[in-house]
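Enquirer: Input structure: my_file.cif, which contains mmCIF, C-alpha atoms.
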data_input
loop_
_atom_site.label_atom_id
_atom_site.label_comp_id
_atom_site.auth_asym_id
_atom_site.auth_seq_id
_atom_site.Cartn_x
_atom_site.Cartn_y
_atom_site.Cartn_z
CA MET A 1 11.02 -5.98 -28.84
CA TYR A 2 11.02 -9.16 -30.90
CA TRP A 3 8.89 -12.11 -29.81
CA THR A 4 9.19 -15.50 -31.39
CA LYS A 5 6.02 -17.31 -32.52
CA GLU A 6 6.38 -19.65 -29.56
CA GLN A 7 6.58 -16.71 -27.20
CA GLN A 8 3.55 -15.08 -28.80
CA LYS A 9 1.55 -18.30 -28.37
CA ARG A 10 2.67 -18.54 -24.78
CA LEU A 11 1.80 -14.92 -24.10
CA ASN A 12 -1.69 -15.39 -25.57
CA LYS A 13 -2.35 -18.30 -23.22
CA GLU A 14 -0.91 -16.45 -20.26
CA TRP A 15 -2.97 -13.38 -21.09
CA GLU A 16 -6.20 -15.42 -21.12
CA LEU A 17 -5.42 -16.69 -17.64
CA VAL A 18 -4.52 -13.25 -16.34
CA GLN A 19 -7.75 -11.78 -17.73
CA GLU A 20 -9.78 -14.46 -16.00
CA TYR A 21 -8.29 -13.87 -12.55
CA PHE A 22 -7.03 -10.29 -12.73
CA PRO A 23 -9.47 -8.55 -15.08
CA ASP A 24 -8.18 -5.08 -14.16
CA PHE A 25 -4.79 -5.78 -15.71
CA LYS A 26 -3.82 -4.42 -19.11
CA LEU A 27 -1.07 -5.44 -21.46
CA LYS A 28 0.99 -2.41 -22.45
CA TYR A 29 4.32 -1.14 -23.73
CA VAL A 30 6.58 1.02 -21.59
CA ASP A 31 9.24 2.32 -23.96
CA THR A 32 10.17 -0.88 -25.75
CA ARG A 33 9.32 -3.23 -22.90
CA VAL A 34 6.12 -5.23 -22.63
CA CYS A 35 4.41 -5.25 -19.27
CA LEU A 36 1.23 -6.11 -17.48
CA GLU A 37 -0.12 -3.33 -15.33
CA GLY A 38 -3.18 -3.13 -13.14
CA TRP A 39 -4.69 -2.45 -9.76
CA MET A 40 -4.86 -4.87 -6.90
CA LYS A 41 -6.97 -4.31 -3.82
CA THR A 42 -6.16 -5.78 -0.42
CA ASN A 43 -8.75 -7.05 2.05
CA LEU A 44 -8.54 -3.63 3.74
CA SER A 45 -9.57 -2.11 0.37
CA THR A 46 -6.25 -0.34 -0.17
CA LYS A 47 -5.43 -0.17 -3.87
CA TYR A 48 -1.97 -0.66 -5.36
CA LEU A 49 -0.85 -0.21 -8.95
CA VAL A 50 1.32 -3.15 -9.94
CA ARG A 51 3.56 -3.36 -12.99
CA MET A 52 5.09 -6.60 -14.17
CA TYR A 53 7.75 -6.45 -16.89
CA LEU A 54 7.79 -9.47 -19.14
CA PRO A 55 11.36 -10.67 -19.63
CA PRO A 56 12.62 -10.72 -23.24
CA ASP A 57 13.38 -14.43 -22.87
CA MET A 58 9.93 -15.23 -21.45
CA PRO A 59 9.15 -17.82 -20.03
CA ASN A 60 12.72 -18.59 -19.03
CA SER A 61 13.21 -15.75 -16.55
CA ILE A 62 11.30 -14.31 -13.62
CA PRO A 63 9.32 -11.15 -14.44
CA ASP A 64 10.29 -7.99 -12.50
CA VAL A 65 7.41 -6.70 -10.39
CA LEU A 66 7.18 -3.09 -9.20
CA ILE A 67 4.66 -1.29 -7.03
CA MET A 68 4.00 1.94 -8.93
CA TYR A 69 1.34 3.52 -6.73
CA PRO A 70 0.96 4.72 -4.04
CA GLU A 71 4.27 6.48 -4.61
CA HIS A 72 6.85 6.34 -1.86
CA LEU A 73 5.49 3.30 -0.06
CA ILE A 74 6.50 3.45 3.57
CA ASP A 75 6.91 0.93 6.34
CA TYR A 76 5.35 0.87 9.80
CA HIS A 77 7.98 3.35 11.04
CA GLY A 78 7.67 5.78 8.13
CA ARG A 79 10.79 4.64 6.26
CA THR A 80 10.34 4.28 2.51
CA LEU A 81 10.52 0.77 1.11
CA VAL A 82 12.95 2.05 -1.51
CA ASP A 83 15.36 2.93 1.32
CA TYR A 84 15.52 -0.73 2.31
CA GLY A 85 17.22 -1.60 -0.95
CA GLN A 86 17.38 -5.38 -1.07
CA ASP A 87 15.91 -6.85 2.09
CA ALA A 88 15.20 -10.48 2.93
CA ASN A 89 12.83 -9.90 5.86
CA MET A 90 10.66 -7.56 3.80
CA HIS A 91 10.95 -9.75 0.68
CA LEU A 92 12.25 -6.84 -1.39
CA LEU A 93 14.70 -6.75 -4.27
CA SER A 94 16.75 -3.67 -5.09
CA PRO A 95 14.46 -0.84 -6.24
CA HIS A 96 13.95 -0.45 -9.96
CA GLU A 97 13.25 2.89 -11.66
CA GLY A 98 12.76 4.35 -8.14
CA TYR A 99 9.96 1.94 -7.26
CA PRO A 100 9.96 -0.95 -4.78
CA SER A 101 10.62 -4.26 -6.47
CA ILE A 102 9.17 -7.28 -4.76
CA CYS A 103 10.57 -10.77 -4.39
CA THR A 104 8.43 -13.49 -5.85
CA PHE A 105 10.40 -16.52 -7.01
CA LYS A 106 13.89 -17.61 -6.13
CA PRO A 107 15.76 -17.93 -9.46
CA THR A 108 16.54 -21.58 -8.73
CA HIS A 109 12.81 -22.25 -8.18
CA TRP A 110 11.78 -20.71 -11.47
CA ASN A 111 11.10 -22.88 -14.47
CA PRO A 112 9.26 -22.23 -17.74
CA ASN A 113 6.13 -23.94 -16.40
CA ARG A 114 5.60 -21.10 -13.94
CA THR A 115 3.06 -18.60 -15.17
CA LEU A 116 2.40 -14.89 -14.97
CA TYR A 117 -0.74 -15.82 -13.06
CA ASN A 118 1.47 -17.58 -10.45
CA VAL A 119 3.52 -14.41 -10.08
CA LEU A 120 0.44 -12.20 -9.74
CA ILE A 121 -1.01 -14.43 -7.02
CA LYS A 122 2.28 -14.07 -5.15
CA VAL A 123 2.09 -10.31 -5.56
CA ARG A 124 -1.44 -10.32 -4.15
CA ILE A 125 -0.29 -12.34 -1.11
CA TRP A 126 2.74 -10.05 -0.70
CA LEU A 127 0.42 -7.01 -0.63
CA GLU A 128 -1.69 -8.59 2.10
CA ALA A 129 1.46 -9.29 4.13
CA TYR A 130 2.54 -5.67 3.57
CA GLN A 131 -0.80 -4.53 4.96
CA GLY A 132 -0.18 -6.78 7.94
CA HIS A 133 3.20 -5.12 8.41
CA LEU A 134 1.60 -1.65 8.32
CA VAL A 135 -0.90 -2.67 11.00
CA THR A 136 1.40 -4.64 13.32
CA GLY A 137 4.95 -3.46 12.59
CA ARG A 138 6.06 -7.06 12.07
CA PRO A 139 8.28 -7.74 9.05
CA LEU A 140 6.69 -9.38 6.03
CA ASP A 141 8.37 -12.68 6.78
CA TYR A 142 6.13 -12.99 9.84
CA PHE A 143 3.24 -13.48 7.40
CA ILE A 144 4.91 -15.08 4.39
CA ARG A 145 7.62 -17.70 4.34
CA HIS A 146 11.03 -17.78 2.76
CA GLN A 147 11.58 -19.99 -0.22
CA VAL A 148 14.16 -22.61 0.73
CA MET B 1 -20.67 -20.46 6.47
CA SER B 2 -17.14 -21.07 7.70
CA ASN B 3 -15.10 -19.00 5.27
CA ASP B 4 -13.55 -15.82 6.54
CA GLN B 5 -12.32 -12.74 4.75
CA ASP B 6 -12.01 -10.43 7.75
CA PRO B 7 -8.63 -8.72 7.12
CA LYS B 8 -7.37 -9.23 10.67
CA LYS B 9 -8.31 -12.90 10.72
CA VAL B 10 -6.77 -13.53 7.29
CA LEU B 11 -3.49 -12.02 8.54
CA GLU B 12 -3.65 -14.07 11.75
CA GLU B 13 -4.13 -17.23 9.71
CA MET B 14 -1.30 -16.31 7.32
CA ALA B 15 1.01 -15.93 10.33
CA LYS B 16 -0.16 -19.29 11.69
CA LYS B 17 0.33 -20.93 8.30
CA ASN B 18 3.81 -19.46 8.15
CA ALA B 19 4.53 -21.14 11.48
CA ASP B 20 2.92 -24.39 10.27
CA GLN B 21 0.16 -23.99 12.85
CA SER B 22 -2.84 -23.90 10.54
CA GLU B 23 -4.41 -26.38 8.17
CA LYS B 24 -6.78 -23.78 6.76
CA LYS B 25 -6.65 -22.95 3.06
CA LEU B 26 -5.82 -19.59 1.56
CA THR B 27 -8.23 -18.86 -1.27
CA PHE B 28 -8.48 -16.05 -3.82
CA ASP B 29 -11.76 -14.63 -5.03
CA PRO B 30 -11.12 -12.94 -8.40
CA THR B 31 -14.48 -11.19 -8.41
CA THR B 32 -13.62 -9.15 -5.30
CA GLY B 33 -9.83 -9.53 -5.26
CA GLU B 34 -10.06 -10.72 -1.65
CA LEU B 35 -8.05 -13.41 0.06
CA ILE B 36 -10.24 -15.77 2.06
CA ILE B 37 -9.42 -18.35 4.68
CA LYS B 38 -11.36 -21.62 4.48
CA ASN B 39 -11.45 -24.79 6.46
CA PRO B 40 -10.03 -27.83 4.59
CA GLY B 41 -13.46 -29.39 3.99
CA ASP B 42 -15.21 -26.22 2.85
CA ALA B 43 -16.61 -26.17 -0.67
CA SER B 44 -16.20 -23.21 -3.01
CA HIS B 45 -19.06 -20.75 -2.94
CA LYS B 46 -18.18 -19.15 -6.26
CA PRO B 47 -17.29 -20.93 -9.50
CA ASN B 48 -14.00 -19.15 -10.13
CA GLU B 49 -12.80 -19.01 -6.54
CA ILE B 50 -9.38 -20.60 -6.40
CA VAL B 51 -7.25 -22.16 -3.67
CA VAL B 52 -3.83 -20.50 -3.67
CA ASP B 53 -2.45 -22.43 -0.72
CA GLN B 54 0.24 -24.15 -2.75
CA ILE B 55 1.52 -20.86 -4.12
CA TYR B 56 1.56 -19.49 -0.56
CA LYS B 57 3.40 -22.57 0.74
CA ASP B 58 5.92 -22.30 -2.07
CA GLY B 59 7.25 -19.23 -0.25
CA PHE B 60 8.90 -16.05 -1.39
CA PHE B 61 12.43 -15.37 -2.47
CA SER B 62 14.51 -13.75 0.27
CA ALA B 63 17.39 -11.94 -1.33
CA ARG B 64 20.30 -11.47 1.04
CA SER B 65 22.17 -8.24 0.54
#
Could you quickly redo this structure as structure tokens?
Expert:
Amino acid sequence: MYWTKEQQKRLNKEWELVQEYFPDFKLKYVDTRVCLEGWMKTNLSTKYLVRMYLPPDMPNSIPDVLIMYPEHLIDYHGRTLVDYGQDANMHLLSPHEGYPSICTFKPTHWNPNRTLYNVLIKVRIWLEAYQGHLVTGRPLDYFIRHQV
Amino acid sequence: MSNDQDPKKVLEEMAKKNADQSEKKLTFDPTTGELIIKNPGDASHKPNEIVVDQIYKDGFFSARS
């Protein structure tokens, strides 16, 4: 994948910020795509492996975020999150590569000033809401709001 | 100390914040990875602790199928 000098500078700055707040994350290649991957732990100490693909036109597009582990994430009723497909109440996008893909930013709310750190904080909040769903059975949008 | 990282209480506060019934602040502690709920006047206890309230309030995309 080709990165312009501007993109490389931007990625270096973003990477510094990510390392400061999410030190478990690593920058890696998956095939030809660049991604950030690392573990996040909820307040209940459940660990999730998160992968964020950096878009080729970074920072102009929203990064895709997948939950890679545990595999086959399920809901309160035992249904897999992948089976939901795209779902507003659970803040899910269509699955990608067989993994749940989570909603972070509405495309119209994204702008190049948004950072990978912003996205990772949203992922962390999403995971806490998912834990809340597993405990209570309430959909994620009981804990986190919709972007208007 | 008035901060609170008890998982149940953090979830209760997130639900209240979602319903605009809480002024408390959602905070992230990068050293533990925990989300913490703090009262508006509470000071940070750790140097790199960060308020993520605005990111929470920004909301999440809700794709309609």
Enquirer: What are the centre and edge lengths in Å, to one decimal, of the axis-aligned box around all listed atoms of stretch 108-111 of chain A with 6 Å added on each side, as lines of an AutoDock Vina configuration file?
Expert:
center_x = 13.8
center_y = -21.8
center_z = -11.3
size_x = 17.4
size_y = 14.2
size_z = 18.3
Enquirer: Would you mind listing, for every residue of chain A within 8 Å of chain B, the two atoms forming the shortest contact and the distance between them in Å to one decimal, using only C-alpha atoms, sorted by chain and ascending residue number, as a Markdown table?
Expert:
| residue | atom | partner | partner_atom | distance |
| --- | --- | --- | --- | --- |
| A:Glu20 | CA | B:Pro30 | CA | 7.9 |
| A:Tyr21 | CA | B:Pro30 | CA | 5.1 |
| A:Phe22 | CA | B:Pro30 | CA | 6.5 |
| A:Met40 | CA | B:Gly33 | CA | 7.0 |
| A:Lys41 | CA | B:Gly33 | CA | 6.1 |
| A:Thr42 | CA | B:Glu34 | CA | 6.4 |
| A:Asn43 | CA | B:Pro7 | CA | 5.3 |
| A:Leu44 | CA | B:Pro7 | CA | 6.1 |
| A:Gln86 | CA | B:Ser65 | CA | 5.8 |
| A:Asp87 | CA | B:Ala63 | CA | 6.3 |
| A:Ala88 | CA | B:Ser62 | CA | 4.3 |
| A:Asn89 | CA | B:Ser62 | CA | 7.0 |
| A:His91 | CA | B:Ser62 | CA | 5.4 |
| A:Leu92 | CA | B:Ala63 | CA | 7.2 |
| A:Leu93 | CA | B:Ala63 | CA | 6.5 |
| A:Cys103 | CA | B:Phe61 | CA | 5.3 |
| A:Thr104 | CA | B:Phe60 | CA | 5.2 |
| A:Phe105 | CA | B:Phe61 | CA | 5.1 |
| A:Lys106 | CA | B:Phe61 | CA | 4.5 |
| A:Asn118 | CA | B:Ile55 | CA | 7.1 |
| A:Ile121 | CA | B:Val52 | CA | 7.5 |
| A:Lys122 | CA | B:Ile55 | CA | 6.9 |
| A:Ile125 | CA | B:Tyr56 | CA | 7.4 |
| A:Glu128 | CA | B:Leu11 | CA | 7.5 |
| A:Ala129 | CA | B:Leu11 | CA | 7.2 |
| A:Gly132 | CA | B:Leu11 | CA | 6.2 |
| A:Tyr142 | CA | B:Ala15 | CA | 5.9 |
| A:Phe143 | CA | B:Ala15 | CA | 4.4 |
| A:Ile144 | CA | B:Asn18 | CA | 5.9 |
| A:Arg145 | CA | B:Gly59 | CA | 4.9 |
| A:His146 | CA | B:Phe60 | CA | 5.0 |
| A:Gln147 | CA | B:Gly59 | CA | 4.4 |
| A:Val148 | CA | B:Gly59 | CA | 7.8 |
Enquirer: From the list A:Tyr99, A:Tyr76, A:Tyr69, A:Trp39, which residue is nearest A:Leu120 when using all atoms listed in the file?
Expert: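 Among A:Tyr99, A:Tyr76, A:Tyr69, A:Trp39, it is A:Trp39 that comes nearest to A:Leu120.
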Enquirer: Within 12 Å of (4.2, -14.7, -22.5) (coordinates as in the file), grab all the protein and nucleic acid residues, counting only C-alpha atoms, and write them out as an MDAnalysis selection string.
Expert: chainID A and resid 3:18 27 34:36 52:63 112:117
Enquirer: Have a look at atom CA of A:Gly137 and atom CA of A:Arg79 and let me know their distance in Å, one decimal.
Expert: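 Between atom CA of A:Gly137 and atom CA of A:Arg79 the gap is 11.8 Å.
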Enquirer: Using Å and a single decimal, report how far atom CA of B:Ile37 sits from atom CA of B:Lys9.
Expert: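 Taking atom CA of B:Lys9 as the start and atom CA of B:Ile37 as the end point, the length is 8.2 Å.
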Enquirer: What is the distance, in Å and to one decimal place, between atom CA of B:Asn39 and atom CA of B:Lys25?
Expert: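 Between atom CA of B:Asn39 and atom CA of B:Lys25 the gap works out to 6.2 Å.
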Enquirer: Using the chain letters and numbers from the file, which residues does the PyMOL selection byres ((chain A and resi 75) around 12) grab, as number ranges by chain?
Expert: A: 72-74, 76-84, 90, 100, 129-140
Enquirer: I need the chosen residues saved as a PDB file, in the coordinates of the input, with C-alpha atoms.
Expert:
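Dumped everything to part_37.pdb:
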ATOM      1  CA  HIS A  72       6.850   6.340  -1.860  1.00  0.00           C
ATOM      2  CA  LEU A  73       5.490   3.300  -0.060  1.00  0.00           C
ATOM      3  CA  ILE A  74       6.500   3.450   3.570  1.00  0.00           C
ATOM      4  CA  TYR A  76       5.350   0.870   9.800  1.00  0.00           C
ATOM      5  CA  HIS A  77       7.980   3.350  11.040  1.00  0.00           C
ATOM      6  CA  GLY A  78       7.670   5.780   8.130  1.00  0.00           C
ATOM      7  CA  ARG A  79      10.790   4.640   6.260  1.00  0.00           C
ATOM      8  CA  THR A  80      10.340   4.280   2.510  1.00  0.00           C
ATOM      9  CA  LEU A  81      10.520   0.770   1.110  1.00  0.00           C
ATOM     10  CA  VAL A  82      12.950   2.050  -1.510  1.00  0.00           C
ATOM     11  CA  ASP A  83      15.360   2.930   1.320  1.00  0.00           C
ATOM     12  CA  TYR A  84      15.520  -0.730   2.310  1.00  0.00           C
ATOM     13  CA  MET A  90      10.660  -7.560   3.800  1.00  0.00           C
ATOM     14  CA  PRO A 100       9.960  -0.950  -4.780  1.00  0.00           C
ATOM     15  CA  ALA A 129       1.460  -9.290   4.130  1.00  0.00           C
ATOM     16  CA  TYR A 130       2.540  -5.670   3.570  1.00  0.00           C
ATOM     17  CA  GLN A 131      -0.800  -4.530   4.960  1.00  0.00           C
ATOM     18  CA  GLY A 132      -0.180  -6.780   7.940  1.00  0.00           C
ATOM     19  CA  HIS A 133       3.200  -5.120   8.410  1.00  0.00           C
ATOM     20  CA  LEU A 134       1.600  -1.650   8.320  1.00  0.00           C
ATOM     21  CA  VAL A 135      -0.900  -2.670  11.000  1.00  0.00           C
ATOM     22  CA  THR A 136       1.400  -4.640  13.320  1.00  0.00           C
ATOM     23  CA  GLY A 137       4.950  -3.460  12.590  1.00  0.00           C
ATOM     24  CA  ARG A 138       6.060  -7.060  12.070  1.00  0.00           C
ATOM     25  CA  PRO A 139       8.280  -7.740   9.050  1.00  0.00           C
ATOM     26  CA  LEU A 140       6.690  -9.380   6.030  1.00  0.00           C
TER      27      LEU A 140
END
Enquirer: Go ahead and find all residues with at least one atom no further than 8 Å from (3.1, 2.4, -9.0) in the file's coordinates, using only C-alpha atoms; report them as a list in words.
Expert: Tyr48, Leu49, Val50, Arg51, Leu66, Ile67, Met68, Tyr69, Pro70, Glu71 and Tyr99 of chain A
Enquirer: Return stretch 81-111 of chain A, completed with N, CA and C atoms, as a compact mmCIF listing (two decimals), in the frame of the given file.
Expert:
# COMPACT_ATOMS: atom_id res chain seq x y z
N LEU A 81 10.09 2.12 1.49
CA LEU A 81 10.52 0.77 1.11
C LEU A 81 11.73 0.83 0.19
N VAL A 82 11.80 1.89 -0.61
CA VAL A 82 12.95 2.05 -1.51
C VAL A 82 14.24 2.14 -0.70
N ASP A 83 14.16 2.78 0.48
CA ASP A 83 15.36 2.93 1.32
C ASP A 83 15.89 1.59 1.84
N TYR A 84 15.06 0.59 1.87
CA TYR A 84 15.52 -0.73 2.31
C TYR A 84 16.53 -1.33 1.33
N GLY A 85 16.42 -0.92 0.06
CA GLY A 85 17.22 -1.60 -0.95
C GLY A 85 16.75 -3.04 -1.04
N GLN A 86 17.72 -3.94 -1.05
CA GLN A 86 17.38 -5.38 -1.07
C GLN A 86 17.24 -5.85 0.37
N ASP A 87 16.13 -6.46 0.70
CA ASP A 87 15.91 -6.85 2.09
C ASP A 87 15.16 -8.17 2.19
N ALA A 88 15.78 -9.14 2.85
CA ALA A 88 15.20 -10.48 2.93
C ALA A 88 13.94 -10.50 3.80
N ASN A 89 13.98 -9.83 4.94
CA ASN A 89 12.83 -9.90 5.86
C ASN A 89 11.58 -9.24 5.29
N MET A 90 11.80 -8.25 4.42
CA MET A 90 10.66 -7.56 3.80
C MET A 90 10.37 -8.14 2.40
N HIS A 91 11.12 -9.12 2.00
CA HIS A 91 10.95 -9.75 0.68
C HIS A 91 11.00 -8.70 -0.44
N LEU A 92 12.05 -7.88 -0.37
CA LEU A 92 12.25 -6.84 -1.39
C LEU A 92 13.55 -7.08 -2.16
N LEU A 93 13.49 -6.79 -3.45
CA LEU A 93 14.70 -6.75 -4.27
C LEU A 93 15.16 -5.29 -4.34
N SER A 94 16.30 -5.05 -4.93
CA SER A 94 16.75 -3.67 -5.09
C SER A 94 15.72 -2.89 -5.90
N PRO A 95 15.46 -1.63 -5.51
CA PRO A 95 14.46 -0.84 -6.24
C PRO A 95 14.82 -0.72 -7.72
N HIS A 96 13.78 -0.53 -8.51
CA HIS A 96 13.95 -0.45 -9.96
C HIS A 96 13.20 0.78 -10.43
N GLU A 97 13.87 1.65 -11.16
CA GLU A 97 13.25 2.89 -11.66
C GLU A 97 12.68 3.74 -10.52
N GLY A 98 13.23 3.57 -9.30
CA GLY A 98 12.76 4.35 -8.14
C GLY A 98 11.54 3.76 -7.46
N TYR A 99 11.14 2.58 -7.87
CA TYR A 99 9.96 1.94 -7.26
C TYR A 99 10.37 0.65 -6.54
N PRO A 100 9.64 0.30 -5.47
CA PRO A 100 9.96 -0.95 -4.78
C PRO A 100 9.74 -2.14 -5.71
N SER A 101 10.69 -3.06 -5.64
CA SER A 101 10.62 -4.26 -6.47
C SER A 101 10.47 -5.45 -5.54
N ILE A 102 9.45 -6.26 -5.76
CA ILE A 102 9.17 -7.28 -4.76
C ILE A 102 9.68 -8.66 -5.19
N CYS A 103 10.06 -9.42 -4.16
CA CYS A 103 10.57 -10.77 -4.39
C CYS A 103 9.39 -11.72 -4.61
N THR A 104 9.47 -12.48 -5.63
CA THR A 104 8.43 -13.49 -5.85
C THR A 104 9.10 -14.87 -5.83
N PHE A 105 9.77 -15.21 -6.91
CA PHE A 105 10.40 -16.52 -7.01
C PHE A 105 11.91 -16.44 -6.85
N LYS A 106 12.45 -17.44 -6.17
CA LYS A 106 13.89 -17.61 -6.13
C LYS A 106 14.31 -18.09 -7.53
N PRO A 107 15.39 -17.53 -8.10
CA PRO A 107 15.76 -17.93 -9.46
C PRO A 107 15.89 -19.45 -9.63
N THR A 108 16.38 -20.13 -8.60
CA THR A 108 16.54 -21.58 -8.73
C THR A 108 15.19 -22.31 -8.67
N HIS A 109 14.14 -21.63 -8.24
CA HIS A 109 12.81 -22.25 -8.18
C HIS A 109 11.98 -21.92 -9.41
N TRP A 110 12.54 -21.09 -10.27
CA TRP A 110 11.78 -20.71 -11.47
C TRP A 110 12.00 -21.74 -12.55
N ASN A 111 10.95 -22.07 -13.27
CA ASN A 111 11.10 -22.88 -14.47
C ASN A 111 10.04 -22.42 -15.46
